>>> print(open('my_file-v9.txt').read())   # compact mmCIF, N, CA and C atoms and all ligand atoms
# COMPACT_ATOMS: atom_id res chain seq x y z
N MET A 1 72.46 105.37 103.87
CA MET A 1 72.99 104.66 102.70
C MET A 1 72.23 103.35 102.53
N ARG A 2 71.76 103.12 101.30
CA ARG A 2 71.00 101.88 101.06
C ARG A 2 71.94 100.78 100.62
N PRO A 3 71.74 99.59 101.11
CA PRO A 3 72.59 98.48 100.65
C PRO A 3 72.26 98.11 99.21
N ASP A 4 73.30 97.79 98.44
CA ASP A 4 73.11 97.38 97.05
C ASP A 4 72.36 96.06 97.02
N ALA A 5 71.29 96.01 96.22
CA ALA A 5 70.45 94.81 96.20
C ALA A 5 71.20 93.61 95.65
N ASN A 6 72.18 93.85 94.78
CA ASN A 6 72.89 92.74 94.16
C ASN A 6 74.08 92.29 94.98
N ALA A 7 74.54 93.13 95.88
CA ALA A 7 75.72 92.79 96.65
C ALA A 7 75.39 91.80 97.74
N ALA A 8 76.33 90.94 98.03
CA ALA A 8 76.15 90.01 99.15
C ALA A 8 76.16 90.81 100.44
N PRO A 9 75.46 90.34 101.47
CA PRO A 9 75.47 91.07 102.74
C PRO A 9 76.89 91.18 103.28
N ALA A 10 77.28 92.41 103.52
CA ALA A 10 78.65 92.65 103.97
C ALA A 10 78.81 92.20 105.42
N PRO A 11 79.94 91.60 105.74
CA PRO A 11 80.16 91.26 107.15
C PRO A 11 80.28 92.52 107.98
N THR A 12 79.89 92.40 109.20
CA THR A 12 79.93 93.56 110.08
C THR A 12 81.37 93.97 110.33
N THR A 13 81.66 95.22 110.02
CA THR A 13 83.01 95.71 110.24
C THR A 13 83.10 96.40 111.58
N PRO A 14 84.19 96.22 112.29
CA PRO A 14 84.31 96.87 113.61
C PRO A 14 84.37 98.38 113.47
N GLY A 15 83.91 99.08 114.44
CA GLY A 15 83.96 100.53 114.44
C GLY A 15 82.84 101.17 113.66
N GLU A 16 81.81 100.43 113.27
CA GLU A 16 80.69 101.01 112.56
C GLU A 16 79.83 101.82 113.53
N ALA A 17 79.16 102.83 112.96
CA ALA A 17 78.37 103.71 113.81
C ALA A 17 77.16 102.97 114.41
N LEU A 18 76.61 102.04 113.63
CA LEU A 18 75.39 101.38 114.08
C LEU A 18 75.74 100.06 114.78
N GLU A 19 75.02 99.82 115.85
CA GLU A 19 75.20 98.57 116.57
C GLU A 19 74.66 97.42 115.72
N PRO A 20 75.37 96.30 115.64
CA PRO A 20 74.80 95.16 114.94
C PRO A 20 73.57 94.63 115.67
N ILE A 21 72.60 94.15 114.87
CA ILE A 21 71.39 93.60 115.47
C ILE A 21 71.35 92.10 115.23
N VAL A 22 70.60 91.41 116.06
CA VAL A 22 70.47 89.96 115.94
C VAL A 22 69.06 89.64 115.48
N CYS A 23 68.96 88.82 114.42
CA CYS A 23 67.65 88.45 113.91
C CYS A 23 66.91 87.60 114.93
N GLY A 24 65.65 87.95 115.16
CA GLY A 24 64.87 87.21 116.13
C GLY A 24 64.52 85.81 115.67
N SER A 25 64.57 85.56 114.36
CA SER A 25 64.16 84.24 113.85
C SER A 25 65.33 83.28 113.75
N CYS A 26 66.44 83.74 113.16
CA CYS A 26 67.54 82.82 112.89
C CYS A 26 68.76 83.10 113.76
N GLN A 27 68.70 84.13 114.60
CA GLN A 27 69.76 84.46 115.55
C GLN A 27 71.06 84.88 114.88
N ARG A 28 71.01 85.21 113.58
CA ARG A 28 72.22 85.69 112.92
C ARG A 28 72.44 87.15 113.25
N THR A 29 73.71 87.54 113.27
CA THR A 29 74.04 88.93 113.49
C THR A 29 73.99 89.67 112.17
N LEU A 30 73.29 90.80 112.17
CA LEU A 30 73.10 91.57 110.95
C LEU A 30 73.68 92.96 111.14
N PRO A 31 74.06 93.61 110.02
CA PRO A 31 74.49 95.01 110.12
C PRO A 31 73.36 95.86 110.71
N GLY A 32 73.75 96.87 111.47
CA GLY A 32 72.77 97.67 112.19
C GLY A 32 71.80 98.41 111.30
N ASP A 33 72.16 98.64 110.02
CA ASP A 33 71.28 99.40 109.16
C ASP A 33 70.33 98.53 108.36
N SER A 34 70.37 97.20 108.56
CA SER A 34 69.46 96.36 107.80
C SER A 34 68.09 96.35 108.45
N ARG A 35 67.09 96.62 107.61
CA ARG A 35 65.72 96.67 108.12
C ARG A 35 65.10 95.29 108.17
N TYR A 36 65.58 94.37 107.31
CA TYR A 36 65.06 93.01 107.29
C TYR A 36 66.24 92.06 107.34
N CYS A 37 65.98 90.85 107.83
CA CYS A 37 67.01 89.82 107.80
C CYS A 37 67.07 89.23 106.39
N PRO A 38 68.22 89.34 105.69
CA PRO A 38 68.29 88.80 104.33
C PRO A 38 68.18 87.29 104.30
N HIS A 39 68.46 86.63 105.42
CA HIS A 39 68.39 85.17 105.45
C HIS A 39 66.94 84.70 105.60
N CYS A 40 66.13 85.45 106.32
CA CYS A 40 64.75 85.04 106.58
C CYS A 40 63.77 85.69 105.62
N CYS A 41 63.98 86.96 105.29
CA CYS A 41 62.95 87.73 104.60
C CYS A 41 63.34 88.06 103.17
N GLY A 42 64.52 87.73 102.72
CA GLY A 42 64.98 88.25 101.45
C GLY A 42 65.49 89.66 101.66
N LEU A 43 66.13 90.22 100.62
CA LEU A 43 66.81 91.50 100.80
C LEU A 43 65.84 92.64 101.05
N ASP A 44 64.63 92.55 100.53
CA ASP A 44 63.68 93.64 100.70
C ASP A 44 62.53 93.30 101.64
N GLY A 45 62.55 92.11 102.22
CA GLY A 45 61.51 91.75 103.18
C GLY A 45 60.24 91.26 102.54
N ARG A 46 60.19 91.20 101.20
CA ARG A 46 58.94 90.84 100.54
C ARG A 46 58.60 89.37 100.80
N ARG A 47 59.64 88.53 100.81
CA ARG A 47 59.40 87.11 101.01
C ARG A 47 58.79 86.86 102.38
N GLY A 48 59.32 87.58 103.37
CA GLY A 48 58.79 87.42 104.72
C GLY A 48 57.34 87.85 104.81
N ALA A 49 57.02 88.96 104.12
CA ALA A 49 55.65 89.45 104.13
C ALA A 49 54.73 88.44 103.46
N THR A 50 55.20 87.85 102.33
CA THR A 50 54.38 86.86 101.65
C THR A 50 54.16 85.65 102.52
N GLU A 51 55.23 85.20 103.19
CA GLU A 51 55.09 84.04 104.06
C GLU A 51 54.16 84.34 105.22
N ALA A 52 54.23 85.57 105.73
CA ALA A 52 53.33 85.95 106.82
C ALA A 52 51.89 85.93 106.33
N GLY A 53 51.67 86.41 105.09
CA GLY A 53 50.33 86.39 104.51
C GLY A 53 49.82 84.98 104.34
N ILE A 54 50.70 84.08 103.86
CA ILE A 54 50.30 82.69 103.68
C ILE A 54 49.96 82.07 105.03
N PHE A 55 50.80 82.34 106.02
CA PHE A 55 50.59 81.76 107.35
C PHE A 55 49.27 82.26 107.94
N LEU A 56 49.05 83.57 107.85
CA LEU A 56 47.82 84.15 108.40
C LEU A 56 46.61 83.58 107.68
N GLY A 57 46.71 83.47 106.35
CA GLY A 57 45.61 82.92 105.58
C GLY A 57 45.31 81.48 105.98
N ALA A 58 46.37 80.69 106.18
CA ALA A 58 46.18 79.29 106.56
C ALA A 58 45.52 79.19 107.92
N VAL A 59 45.95 80.04 108.87
CA VAL A 59 45.36 80.01 110.22
C VAL A 59 43.89 80.39 110.16
N LEU A 60 43.59 81.46 109.42
CA LEU A 60 42.19 81.89 109.29
C LEU A 60 41.37 80.82 108.57
N GLY A 61 41.98 80.15 107.59
CA GLY A 61 41.29 79.09 106.88
C GLY A 61 40.95 77.93 107.79
N VAL A 62 41.89 77.57 108.67
CA VAL A 62 41.64 76.49 109.62
C VAL A 62 40.50 76.88 110.57
N LEU A 63 40.54 78.13 111.04
CA LEU A 63 39.50 78.60 111.96
C LEU A 63 38.14 78.59 111.26
N ALA A 64 38.10 79.16 110.04
CA ALA A 64 36.83 79.22 109.31
C ALA A 64 36.34 77.82 108.99
N GLY A 65 37.24 76.95 108.53
CA GLY A 65 36.86 75.59 108.19
C GLY A 65 36.37 74.82 109.41
N GLY A 66 37.04 75.02 110.54
CA GLY A 66 36.62 74.36 111.77
C GLY A 66 35.24 74.83 112.22
N LEU A 67 35.02 76.14 112.07
CA LEU A 67 33.72 76.71 112.45
C LEU A 67 32.61 76.14 111.56
N ILE A 68 32.87 76.13 110.25
CA ILE A 68 31.87 75.60 109.31
C ILE A 68 31.60 74.13 109.62
N THR A 69 32.68 73.37 109.88
CA THR A 69 32.51 71.96 110.19
C THR A 69 31.68 71.76 111.46
N ALA A 70 31.96 72.58 112.49
CA ALA A 70 31.23 72.46 113.75
C ALA A 70 29.75 72.75 113.54
N VAL A 71 29.47 73.83 112.79
CA VAL A 71 28.08 74.18 112.52
C VAL A 71 27.40 73.10 111.71
N TRP A 72 28.10 72.63 110.68
CA TRP A 72 27.55 71.62 109.79
C TRP A 72 27.24 70.33 110.55
N SER A 73 28.16 69.88 111.40
CA SER A 73 27.94 68.63 112.12
C SER A 73 26.82 68.76 113.14
N SER A 74 26.62 69.97 113.68
CA SER A 74 25.52 70.16 114.62
C SER A 74 24.18 70.21 113.90
N VAL A 75 24.21 70.61 112.61
CA VAL A 75 22.97 70.67 111.83
C VAL A 75 22.58 69.26 111.36
N VAL A 76 23.52 68.55 110.75
CA VAL A 76 23.18 67.25 110.18
C VAL A 76 23.38 66.11 111.16
N GLY A 77 24.02 66.39 112.29
CA GLY A 77 24.31 65.33 113.26
C GLY A 77 25.69 64.77 113.04
N THR A 78 26.37 64.44 114.15
CA THR A 78 27.76 64.00 114.06
C THR A 78 27.90 62.73 113.23
N GLU A 79 26.90 61.85 113.31
CA GLU A 79 27.01 60.57 112.59
C GLU A 79 26.91 60.78 111.09
N GLN A 80 26.25 61.86 110.69
CA GLN A 80 26.10 62.12 109.26
C GLN A 80 27.29 62.90 108.70
N THR A 81 28.14 63.39 109.57
CA THR A 81 29.28 64.19 109.11
C THR A 81 30.35 63.26 108.54
N ARG A 82 30.64 63.42 107.28
CA ARG A 82 31.64 62.58 106.63
C ARG A 82 33.00 63.27 106.70
N TRP A 83 34.00 62.49 107.04
CA TRP A 83 35.33 63.07 107.18
C TRP A 83 35.88 63.59 105.86
N SER A 84 35.48 62.95 104.77
CA SER A 84 35.96 63.45 103.47
C SER A 84 35.40 64.84 103.22
N HIS A 85 34.15 65.06 103.64
CA HIS A 85 33.57 66.39 103.47
C HIS A 85 34.24 67.39 104.40
N VAL A 86 34.52 66.95 105.64
CA VAL A 86 35.18 67.84 106.59
C VAL A 86 36.55 68.26 106.06
N LEU A 87 37.30 67.26 105.57
CA LEU A 87 38.64 67.57 105.06
C LEU A 87 38.55 68.47 103.83
N ALA A 88 37.57 68.21 102.97
CA ALA A 88 37.42 69.03 101.77
C ALA A 88 37.08 70.47 102.16
N THR A 89 36.21 70.63 103.16
CA THR A 89 35.85 71.98 103.62
C THR A 89 37.07 72.69 104.20
N LEU A 90 37.81 71.97 105.04
CA LEU A 90 39.02 72.57 105.63
C LEU A 90 40.01 72.97 104.55
N ALA A 91 40.26 72.06 103.60
CA ALA A 91 41.23 72.34 102.55
C ALA A 91 40.81 73.55 101.73
N THR A 92 39.52 73.62 101.40
CA THR A 92 39.02 74.76 100.61
C THR A 92 39.23 76.07 101.37
N CYS A 93 38.88 76.07 102.65
CA CYS A 93 39.02 77.29 103.44
C CYS A 93 40.49 77.70 103.56
N ILE A 94 41.38 76.72 103.73
CA ILE A 94 42.80 77.04 103.85
C ILE A 94 43.31 77.64 102.55
N ILE A 95 42.93 77.01 101.41
CA ILE A 95 43.40 77.50 100.11
C ILE A 95 42.90 78.92 99.87
N VAL A 96 41.60 79.15 100.15
CA VAL A 96 41.03 80.49 99.96
C VAL A 96 41.77 81.49 100.86
N GLY A 97 42.00 81.10 102.12
CA GLY A 97 42.70 81.99 103.04
C GLY A 97 44.10 82.32 102.57
N VAL A 98 44.83 81.31 102.08
CA VAL A 98 46.20 81.53 101.60
C VAL A 98 46.19 82.44 100.38
N VAL A 99 45.26 82.20 99.46
CA VAL A 99 45.18 83.03 98.26
C VAL A 99 44.91 84.48 98.65
N ILE A 100 43.95 84.69 99.56
CA ILE A 100 43.63 86.05 99.98
C ILE A 100 44.87 86.69 100.64
N GLY A 101 45.57 85.92 101.48
CA GLY A 101 46.75 86.45 102.14
C GLY A 101 47.82 86.86 101.15
N VAL A 102 48.07 86.04 100.13
CA VAL A 102 49.09 86.35 99.13
C VAL A 102 48.67 87.56 98.31
N VAL A 103 47.40 87.60 97.89
CA VAL A 103 46.93 88.73 97.07
C VAL A 103 47.05 90.02 97.86
N ARG A 104 46.66 89.99 99.12
CA ARG A 104 46.75 91.20 99.93
C ARG A 104 48.19 91.67 100.08
N THR A 105 49.12 90.70 100.19
CA THR A 105 50.53 91.06 100.32
C THR A 105 51.04 91.68 99.03
N ARG A 106 50.65 91.11 97.90
CA ARG A 106 51.12 91.58 96.60
C ARG A 106 50.67 93.02 96.31
N LYS A 107 49.49 93.37 96.82
CA LYS A 107 48.93 94.67 96.47
C LYS A 107 49.65 95.82 97.16
N ARG A 108 50.41 95.55 98.20
CA ARG A 108 51.06 96.65 98.91
C ARG A 108 52.21 97.21 98.10
ZN ZN B 201 66.95 85.85 110.13
>>> encode(input="my_file-v9.txt", output="structure tokens")
Amino acid sequence: MRPDANAAPAPTTPGEALEPIVCGSCQRTLPGDSRYCPHCCGLDGRRGATEAGIFLGAVLGVLAGGLITAVWSSVVGTEQTRWSHVLATLATCIIVGVVIGVVRTRKR
């Protein structure tokens, strides 16, 4: 039985066939048949997937930006490396990573 998307999450009733589960993120008790935590992921889990995509994109952006910065500073010399350029490179990589993460999530 699928839960109604418009209905509020029903409190766990005693004597149900499924064991209640506890969300790993917010520690709330959920009905045993819920595949996603409605508090963390939204009713269909899409929000959680989008947030995971954003997070992954940001992490990859930081890694890529850090790598580019390291290579760049070794090429031009540390004294020539401007922090405004470093920050701009990092920000660009993070934004690109987040956009890619969101787009990839949306396509599923
Ligand atoms: Zn939760």
>>> closest_residue(input="my_file-v9.txt", among="A:Val99, A:Ile21, A:Ala91, A:Val86", to="Asp33 of chain A", atoms="all atoms listed in the file")
A:Ile21
>>> residues_near_ligand(input="my_file-v9.txt", ligand="ligand ZN 201 (chain B)", cutoff="10 Å", atoms="only C-alpha atoms and all ligand atoms", output="PDB file with N, CA and C atoms, in the frame of the given file")
ATOM      1  N   VAL A  22      70.600  91.410 116.060  1.00  0.00           N
ATOM      2  CA  VAL A  22      70.470  89.960 115.940  1.00  0.00           C
ATOM      3  C   VAL A  22      69.060  89.640 115.480  1.00  0.00           C
ATOM      4  N   CYS A  23      68.960  88.820 114.420  1.00  0.00           N
ATOM      5  CA  CYS A  23      67.650  88.450 113.910  1.00  0.00           C
ATOM      6  C   CYS A  23      66.910  87.600 114.930  1.00  0.00           C
ATOM      7  N   GLY A  24      65.650  87.950 115.160  1.00  0.00           N
ATOM      8  CA  GLY A  24      64.870  87.210 116.130  1.00  0.00           C
ATOM      9  C   GLY A  24      64.520  85.810 115.670  1.00  0.00           C
ATOM     10  N   SER A  25      64.570  85.560 114.360  1.00  0.00           N
ATOM     11  CA  SER A  25      64.160  84.240 113.850  1.00  0.00           C
ATOM     12  C   SER A  25      65.330  83.280 113.750  1.00  0.00           C
ATOM     13  N   CYS A  26      66.440  83.740 113.160  1.00  0.00           N
ATOM     14  CA  CYS A  26      67.540  82.820 112.890  1.00  0.00           C
ATOM     15  C   CYS A  26      68.760  83.100 113.760  1.00  0.00           C
ATOM     16  N   GLN A  27      68.700  84.130 114.600  1.00  0.00           N
ATOM     17  CA  GLN A  27      69.760  84.460 115.550  1.00  0.00           C
ATOM     18  C   GLN A  27      71.060  84.880 114.880  1.00  0.00           C
ATOM     19  N   ARG A  28      71.010  85.210 113.580  1.00  0.00           N
ATOM     20  CA  ARG A  28      72.220  85.690 112.920  1.00  0.00           C
ATOM     21  C   ARG A  28      72.440  87.150 113.250  1.00  0.00           C
ATOM     22  N   THR A  29      73.710  87.540 113.270  1.00  0.00           N
ATOM     23  CA  THR A  29      74.040  88.930 113.490  1.00  0.00           C
ATOM     24  C   THR A  29      73.990  89.670 112.170  1.00  0.00           C
ATOM     25  N   LEU A  30      73.290  90.800 112.170  1.00  0.00           N
ATOM     26  CA  LEU A  30      73.100  91.570 110.950  1.00  0.00           C
ATOM     27  C   LEU A  30      73.680  92.960 111.140  1.00  0.00           C
ATOM     28  N   TYR A  36      65.580  94.370 107.310  1.00  0.00           N
ATOM     29  CA  TYR A  36      65.060  93.010 107.290  1.00  0.00           C
ATOM     30  C   TYR A  36      66.240  92.060 107.340  1.00  0.00           C
ATOM     31  N   CYS A  37      65.980  90.850 107.830  1.00  0.00           N
ATOM     32  CA  CYS A  37      67.010  89.820 107.800  1.00  0.00           C
ATOM     33  C   CYS A  37      67.070  89.230 106.390  1.00  0.00           C
ATOM     34  N   PRO A  38      68.220  89.340 105.690  1.00  0.00           N
ATOM     35  CA  PRO A  38      68.290  88.800 104.330  1.00  0.00           C
ATOM     36  C   PRO A  38      68.180  87.290 104.300  1.00  0.00           C
ATOM     37  N   HIS A  39      68.460  86.630 105.420  1.00  0.00           N
ATOM     38  CA  HIS A  39      68.390  85.170 105.450  1.00  0.00           C
ATOM     39  C   HIS A  39      66.940  84.700 105.600  1.00  0.00           C
ATOM     40  N   CYS A  40      66.130  85.450 106.320  1.00  0.00           N
ATOM     41  CA  CYS A  40      64.750  85.040 106.580  1.00  0.00           C
ATOM     42  C   CYS A  40      63.770  85.690 105.620  1.00  0.00           C
ATOM     43  N   CYS A  41      63.980  86.960 105.290  1.00  0.00           N
ATOM     44  CA  CYS A  41      62.950  87.730 104.600  1.00  0.00           C
ATOM     45  C   CYS A  41      63.340  88.060 103.170  1.00  0.00           C
ATOM     46  N   GLY A  42      64.520  87.730 102.720  1.00  0.00           N
ATOM     47  CA  GLY A  42      64.980  88.250 101.450  1.00  0.00           C
ATOM     48  C   GLY A  42      65.490  89.660 101.660  1.00  0.00           C
ATOM     49  N   GLY A  48      59.320  87.580 103.370  1.00  0.00           N
ATOM     50  CA  GLY A  48      58.790  87.420 104.720  1.00  0.00           C
ATOM     51  C   GLY A  48      57.340  87.850 104.810  1.00  0.00           C
TER      52      GLY A  48
END
>>> residues_around(input="my_file-v9.txt", residues="Ile54 of chain A", least_positions_apart="6", cutoff="8 Å", atoms="only N, CA and C atoms", output="VMD selection string")
chain A and resid 48 60 97 to 103 105
>>> closest_residue(input="my_file-v9.txt", among="A:Arg104, A:Gly53, A:Thr92, A:His85", to="Trp72 of chain A", atoms="only C-alpha atoms")
A:His85
>>> axis_aligned_box(input="my_file-v9.txt", around="segment 99-107 of chain A", padding_each_side="4 Å", output="lines of an AutoDock Vina configuration file")
center_x = 47.4
center_y = 89.0
center_z = 99.2
size_x = 15.5
size_y = 21.6
size_z = 13.8
>>> atom_distance(input="my_file-v9.txt", atom1="atom N of Thr81 of chain A", atom2="atom N of Ile95 of chain A")
21.7 Å
>>> closest_residue(input="my_file-v9.txt", among="A:Gly32, A:Ala52, A:Trp83, A:Ala70", to="Pro20 of chain A", atoms="only N, CA and C atoms")
A:Gly32
>>> atom_distance(input="my_file-v9.txt", atom1="atom CA of Ala58 of chain A", atom2="atom N of Glu79 of chain A")
26.9 Å
>>> atom_distance(input="my_file-v9.txt", atom1="atom CA of Cys93 of chain A", atom2="atom C of Leu56 of chain A")
10.7 Å
>>> closest_residue(input="my_file-v9.txt", among="A:Arg106, A:Leu90, A:Arg35, A:Val96", to="Thr69 of chain A", atoms="all atoms listed in the file")
A:Leu90
